[in-house]
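Taking it in order: structure first as structure tokens, then the write-up.
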Amino acid sequence: MLKAINITKSYQGKLALRIVSFEVAKGEIFCLLGQNGAGKTTTINIFLGFIKMDNGQAFIGDKEVGVDDTNHLTAYIPETVQLYGNLTGAENLDFFSRLAGFKYTTSELENFLTKTGLQSDAQHKRLSSYSKGMRQKVGIAVALAKNAEVIFMDEPTSGLDPKATSEFTKICKELAQMGKVIFMATHDIFNAVELATTIGIMKEGSLVQQLNANEIDAGQLNQLYLETI
Ligand SMILES: Nc1ncnc2c1ncn2[C@@H]1O[C@H](COP(=O)(O)OP(=O)(O)OP(=O)(O)O)[C@@H](O)[C@H]1O
């Protein structure tokens, strides 16, 4: 579903990605680890079309990023989901769904929000009263409402408390069971082991490790990470 072929990217002559290649299948959760500046966000931004690669190719399904229209296939959950504080969760979802070309009834909007675990008494409250975890649930509801096939996430559990992280992990697994692809940059080794099907480790712009998450525990991954980066 996702394919990176020999992607390179430099900023002002400094290489940020050095010939990065990988594939992610439907229903997979790919967690990308690596130190600050390793190239995780750059990889995500290239797939989202926010920045252009210098060389290589990126595919989402059979569509090529930068060549075909891939916008409708993707959703993006950044560390802090950008929503309108003076609108309710349901109103934000309605607004962003319409932007993506979808018009839903109030009960359909509520269904999307309920699927993410956002409690019904919160759905019609203003976003300004939401916690970070609740905002992320609205972000995930937007991804569901626009029927995105691939959800990119950049450090989504950063700053979440353990309960919110656990709820977030559960939702991600449900999304994967629905056949969605999740591609996540994270510093959270323990959550990556819990969540991922595949774990990638980046170092200085290269994807230096790719591991099956079932074959490693958190202690082993932590050790390997420290030896690798
Ligand atoms: N807009 C930009 N202009 C110049 N250099 C940039 C830009 N964005 C990223 N870089 C550089 O590219 C490299 C990769 O950065 P990137 O943000 O992809 O890393 P990262 O792994 O996501 O780091 P972090 O964990 O801090 O988010 C770094 O050296 C960074 O300084």
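Naming scheme: A, B, ... for chains in displayed order of the structure tokens; residues 1 onward per chain; ligands 1 onward as shown.
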
Write as a list of chain:residue names the residues around ligand 1, taking 6 Å as the cut-off and counting only C-alpha atoms and all ligand atoms.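 The neighbouring residues of ligand 1 are, in order, A:Tyr11, A:Ala16, A:Gly34, A:Gln35, A:Asn36, A:Gly37, A:Ala38, A:Gly39, A:Lys40, A:Thr41, A:Thr42.
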
Keeping only N, CA and C atoms, write those residues as an mmCIF file, in the first residue's frame.
data_model
loop_
_atom_site.group_PDB
_atom_site.id
_atom_site.type_symbol
_atom_site.label_atom_id
_atom_site.label_comp_id
_atom_site.auth_asym_id
_atom_site.auth_seq_id
_atom_site.Cartn_x
_atom_site.Cartn_y
_atom_site.Cartn_z
ATOM 1 N N TYR A 11 18.242 19.376 2.284
ATOM 2 C CA TYR A 11 17.867 20.763 2.553
ATOM 3 C C TYR A 11 19.149 21.596 2.488
ATOM 4 N N ALA A 16 19.021 14.918 4.122
ATOM 5 C CA ALA A 16 18.085 14.550 5.197
ATOM 6 C C ALA A 16 17.616 13.115 5.009
ATOM 7 N N GLY A 34 13.887 6.812 15.739
ATOM 8 C CA GLY A 34 15.151 7.443 15.349
ATOM 9 C C GLY A 34 15.330 8.726 16.129
ATOM 10 N N GLN A 35 16.581 9.119 16.255
ATOM 11 C CA GLN A 35 16.889 10.334 17.025
ATOM 12 C C GLN A 35 16.311 11.571 16.349
ATOM 13 N N ASN A 36 16.281 12.671 17.064
ATOM 14 C CA ASN A 36 15.881 13.951 16.460
ATOM 15 C C ASN A 36 16.751 14.188 15.227
ATOM 16 N N GLY A 37 16.108 14.558 14.137
ATOM 17 C CA GLY A 37 16.847 14.863 12.914
ATOM 18 C C GLY A 37 17.183 13.665 12.058
ATOM 19 N N ALA A 38 16.699 12.476 12.428
ATOM 20 C CA ALA A 38 17.033 11.257 11.675
ATOM 21 C C ALA A 38 16.346 11.205 10.312
ATOM 22 N N GLY A 39 15.231 11.930 10.167
ATOM 23 C CA GLY A 39 14.557 11.962 8.862
ATOM 24 C C GLY A 39 13.133 11.419 8.877
ATOM 25 N N LYS A 40 12.577 11.183 10.054
ATOM 26 C CA LYS A 40 11.230 10.582 10.162
ATOM 27 C C LYS A 40 10.150 11.530 9.598
ATOM 28 N N THR A 41 10.172 12.768 10.067
ATOM 29 C CA THR A 41 9.147 13.723 9.616
ATOM 30 C C THR A 41 9.307 14.016 8.132
ATOM 31 N N THR A 42 10.535 14.108 7.669
ATOM 32 C CA THR A 42 10.767 14.347 6.246
ATOM 33 C C THR A 42 10.144 13.227 5.413
#

Do a neighbour search on Ile151 (chain A) at 7 Å with only C-alpha atoms, toss out local chain neighbours closer than 3 positions, and write the hits as an mmCIF file with N, CA and C atoms, in the first residue's frame.
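File written: result_13.cif
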data_model
loop_
_atom_site.group_PDB
_atom_site.id
_atom_site.type_symbol
_atom_site.label_atom_id
_atom_site.label_comp_id
_atom_site.auth_asym_id
_atom_site.auth_seq_id
_atom_site.Cartn_x
_atom_site.Cartn_y
_atom_site.Cartn_z
ATOM 1 N N THR A 74 -5.000 9.894 2.011
ATOM 2 C CA THR A 74 -4.213 10.049 3.239
ATOM 3 C C THR A 74 -4.897 10.929 4.283
ATOM 4 N N ALA A 75 -4.531 10.693 5.526
ATOM 5 C CA ALA A 75 -4.895 11.604 6.610
ATOM 6 C C ALA A 75 -3.641 11.784 7.463
ATOM 7 N N TYR A 76 -3.623 12.872 8.200
ATOM 8 C CA TYR A 76 -2.422 13.209 8.961
ATOM 9 C C TYR A 76 -2.793 13.579 10.386
ATOM 10 N N ALA A 148 -9.797 7.789 4.548
ATOM 11 C CA ALA A 148 -8.379 7.709 4.188
ATOM 12 C C ALA A 148 -7.905 6.264 4.303
ATOM 13 N N VAL A 181 -3.706 1.554 6.754
ATOM 14 C CA VAL A 181 -2.264 1.538 7.042
ATOM 15 C C VAL A 181 -1.975 2.682 8.000
ATOM 16 N N ILE A 182 -1.203 2.402 9.045
ATOM 17 C CA ILE A 182 -0.753 3.484 9.929
ATOM 18 C C ILE A 182 0.766 3.575 9.816
ATOM 19 N N PHE A 183 1.224 4.778 9.534
ATOM 20 C CA PHE A 183 2.659 5.019 9.424
ATOM 21 C C PHE A 183 2.997 6.114 10.438
#

For Leu113 (chain A), please output as a ChimeraX atom specification all residues within 8 Å (counting only C-alpha atoms; exclusion window: fewer than 2 positions along the same chain). /A:90,109-111,115-119,123,137-138,141

Backbone-only DSSP, strand (DSSP E or B) members of region 9-115 of chain A, as a VMD selection string: chain A and resid 9 to 11 14 to 24 29 to 34 55 to 60 63 to 65 68 74 to 77 88

Quick one: write out the picked residues with N, CA and C atoms as a tab-separated table (two decimals), in the first residue's frame?
chain	number	residue	atom	x	y	z
A	9	LYS	N	16.50	13.23	-0.16
A	9	LYS	CA	16.06	14.62	0.04
A	9	LYS	C	17.16	15.38	0.77
A	10	SER	N	17.49	16.53	0.26
A	10	SER	CA	18.44	17.36	1.02
A	10	SER	C	17.85	18.75	1.21
A	11	TYR	N	18.24	19.38	2.28
A	11	TYR	CA	17.87	20.76	2.55
A	11	TYR	C	19.15	21.60	2.49
A	14	LYS	N	22.32	19.76	2.51
A	14	LYS	CA	22.57	18.77	3.58
A	14	LYS	C	21.56	17.64	3.44
A	15	LEU	N	22.08	16.41	3.33
A	15	LEU	CA	21.19	15.27	3.10
A	15	LEU	C	20.32	14.98	4.33
A	16	ALA	N	19.02	14.92	4.12
A	16	ALA	CA	18.08	14.55	5.20
A	16	ALA	C	17.62	13.11	5.01
A	17	LEU	N	17.49	12.67	3.76
A	17	LEU	CA	17.15	11.27	3.46
A	17	LEU	C	18.15	10.74	2.44
A	18	ARG	N	18.71	9.57	2.74
A	18	ARG	CA	19.72	8.97	1.86
A	18	ARG	C	19.20	7.64	1.32
A	19	ILE	N	18.64	7.65	0.15
A	19	ILE	CA	18.21	6.42	-0.55
A	19	ILE	C	17.34	5.54	0.36
A	20	VAL	N	16.21	6.08	0.75
A	20	VAL	CA	15.30	5.35	1.66
A	20	VAL	C	14.29	4.54	0.84
A	21	SER	N	14.21	3.23	1.15
A	21	SER	CA	13.24	2.34	0.49
A	21	SER	C	12.54	1.49	1.54
A	22	PHE	N	11.24	1.31	1.37
A	22	PHE	CA	10.49	0.38	2.24
A	22	PHE	C	9.12	0.13	1.62
A	23	GLU	N	8.46	-0.89	2.13
A	23	GLU	CA	7.07	-1.16	1.71
A	23	GLU	C	6.23	-1.42	2.95
A	24	VAL	N	5.00	-0.97	2.93
A	24	VAL	CA	4.07	-1.23	4.04
A	24	VAL	C	2.77	-1.77	3.43
A	29	ILE	N	0.86	-1.62	10.78
A	29	ILE	CA	1.22	-0.42	11.54
A	29	ILE	C	2.74	-0.36	11.55
A	30	PHE	N	3.26	0.65	10.88
A	30	PHE	CA	4.72	0.80	10.73
A	30	PHE	C	5.15	1.93	11.66
A	31	CYS	N	5.97	1.60	12.66
A	31	CYS	CA	6.47	2.63	13.59
A	31	CYS	C	7.93	2.93	13.26
A	32	LEU	N	8.19	4.21	13.05
A	32	LEU	CA	9.53	4.65	12.67
A	32	LEU	C	10.18	5.33	13.87
A	33	LEU	N	11.29	4.74	14.31
A	33	LEU	CA	12.04	5.30	15.44
A	33	LEU	C	13.30	5.97	14.91
A	34	GLY	N	13.89	6.81	15.74
A	34	GLY	CA	15.15	7.44	15.35
A	34	GLY	C	15.33	8.73	16.13
A	55	ASN	N	15.10	12.84	-5.38
A	55	ASN	CA	15.15	11.66	-6.26
A	55	ASN	C	14.35	10.54	-5.62
A	56	GLY	N	13.97	9.57	-6.45
A	56	GLY	CA	13.23	8.41	-5.96
A	56	GLY	C	11.75	8.53	-6.26
A	57	GLN	N	11.00	7.55	-5.77
A	57	GLN	CA	9.55	7.52	-6.00
A	57	GLN	C	8.83	7.08	-4.74
A	58	ALA	N	7.62	7.62	-4.55
A	58	ALA	CA	6.77	7.20	-3.43
A	58	ALA	C	5.40	6.85	-4.00
A	59	PHE	N	4.89	5.68	-3.62
A	59	PHE	CA	3.58	5.24	-4.09
A	59	PHE	C	2.64	5.03	-2.91
A	60	ILE	N	1.38	5.39	-3.12
A	60	ILE	CA	0.31	5.05	-2.18
A	60	ILE	C	-0.66	4.23	-3.00
A	63	LYS	N	-0.97	4.77	-6.89
A	63	LYS	CA	-0.83	6.19	-7.22
A	63	LYS	C	0.54	6.70	-6.80
A	64	GLU	N	1.14	7.47	-7.69
A	64	GLU	CA	2.48	7.99	-7.39
A	64	GLU	C	2.39	9.40	-6.81
A	65	VAL	N	3.02	9.56	-5.66
A	65	VAL	CA	3.03	10.88	-4.99
A	65	VAL	C	3.72	11.90	-5.90
A	68	ASP	N	0.27	11.61	-9.35
A	68	ASP	CA	-1.19	11.41	-9.28
A	68	ASP	C	-1.75	12.16	-8.08
A	74	THR	N	-5.00	9.89	2.01
A	74	THR	CA	-4.21	10.05	3.24
A	74	THR	C	-4.90	10.93	4.28
A	75	ALA	N	-4.53	10.69	5.53
A	75	ALA	CA	-4.89	11.60	6.61
A	75	ALA	C	-3.64	11.78	7.46
A	76	TYR	N	-3.62	12.87	8.20
A	76	TYR	CA	-2.42	13.21	8.96
A	76	TYR	C	-2.79	13.58	10.39
A	77	ILE	N	-2.18	12.89	11.34
A	77	ILE	CA	-2.38	13.22	12.76
A	77	ILE	C	-1.02	13.72	13.28
A	88	THR	N	-17.37	22.78	18.21
A	88	THR	CA	-17.43	21.53	18.96
A	88	THR	C	-16.68	20.43	18.18

Tell me, as an mmCIF file with C-alpha atoms, in the first residue's frame, which residues lie within 9 Å of Lys125 (chain A), counting only C-alpha atoms; anything in the same chain fewer than 2 positions away does not count.
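Below you can see selection.cif, which holds the result:
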data_model
loop_
_atom_site.group_PDB
_atom_site.id
_atom_site.type_symbol
_atom_site.label_atom_id
_atom_site.label_comp_id
_atom_site.auth_asym_id
_atom_site.auth_seq_id
_atom_site.Cartn_x
_atom_site.Cartn_y
_atom_site.Cartn_z
ATOM 1 C CA LEU A 87 -16.259 24.772 17.340
ATOM 2 C CA THR A 88 -17.428 21.525 18.961
ATOM 3 C CA GLY A 89 -15.870 18.149 18.140
ATOM 4 C CA ALA A 90 -18.822 17.326 15.885
ATOM 5 C CA ASP A 121 -21.360 13.946 26.206
ATOM 6 C CA ALA A 122 -18.106 15.511 24.901
ATOM 7 C CA GLN A 123 -18.945 15.440 21.195
ATOM 8 C CA LEU A 127 -12.742 21.925 21.353
ATOM 9 C CA SER A 128 -11.134 24.463 23.646
ATOM 10 C CA SER A 129 -12.268 22.277 26.575
ATOM 11 C CA TYR A 130 -10.748 19.061 25.120
#

Those in region 1-214 of chain A with alpha helix (DSSP H) from DSSP, as a PyMOL selection string: chain A and resi 40-47+89-99+106-115+132-145+162-177+189-195

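Note that CA of Ile199 (chain A) and CA of Ala213 (chain A) are 6.0 Å apart.
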
Find the residue from A:Lys52, A:Lys180, A:His124, A:Lys203 that sits nearest to Phe152 (chain A); use only C-alpha atoms when measuring.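 Checking each candidate against Phe152 (chain A), we get A:Lys180 as the closest.
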
The residue from A:Ala25, A:Ala145, A:Ile171, A:Val67 with the smallest atom-to-atom distance to Arg98 (chain A), counting only C-alpha atoms, is A:Ala145

Residues within 8 Å of Gln209 (chain A), only C-alpha atoms, excluding chain neighbours under 6 positions, as a ChimeraX atom specification: /A:199-202

Please produce a file of those selected residues containing C-alpha atoms, as a compact mmCIF listing (two decimals), in the first residue's frame.
# COMPACT_ATOMS: atom_id res chain seq x y z
CA ILE A 199 9.42 -1.25 13.35
CA GLY A 200 11.91 0.81 11.38
CA ILE A 201 14.93 2.56 12.85
CA MET A 202 16.34 5.60 11.06

State, in Å with one decimal place, the distance from CA of Gln177 (chain A) to CA of Lys26 (chain A).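 According to the coordinates, CA of Gln177 (chain A) and CA of Lys26 (chain A) are separated by 9.4 Å.
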
Separating CA of Asn191 (chain A) from CA of Tyr84 (chain A), to the nearest tenth of an Å, is a gap of 28.6 Å

Could you check the closest approach to Glu204 (chain A) for each of A:Ile229, A:Leu221, A:Ala185, A:Ile7 and tell me which residue wins, using only C-alpha atoms?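 Result for the nearest residue to Glu204 (chain A): A:Ile229.
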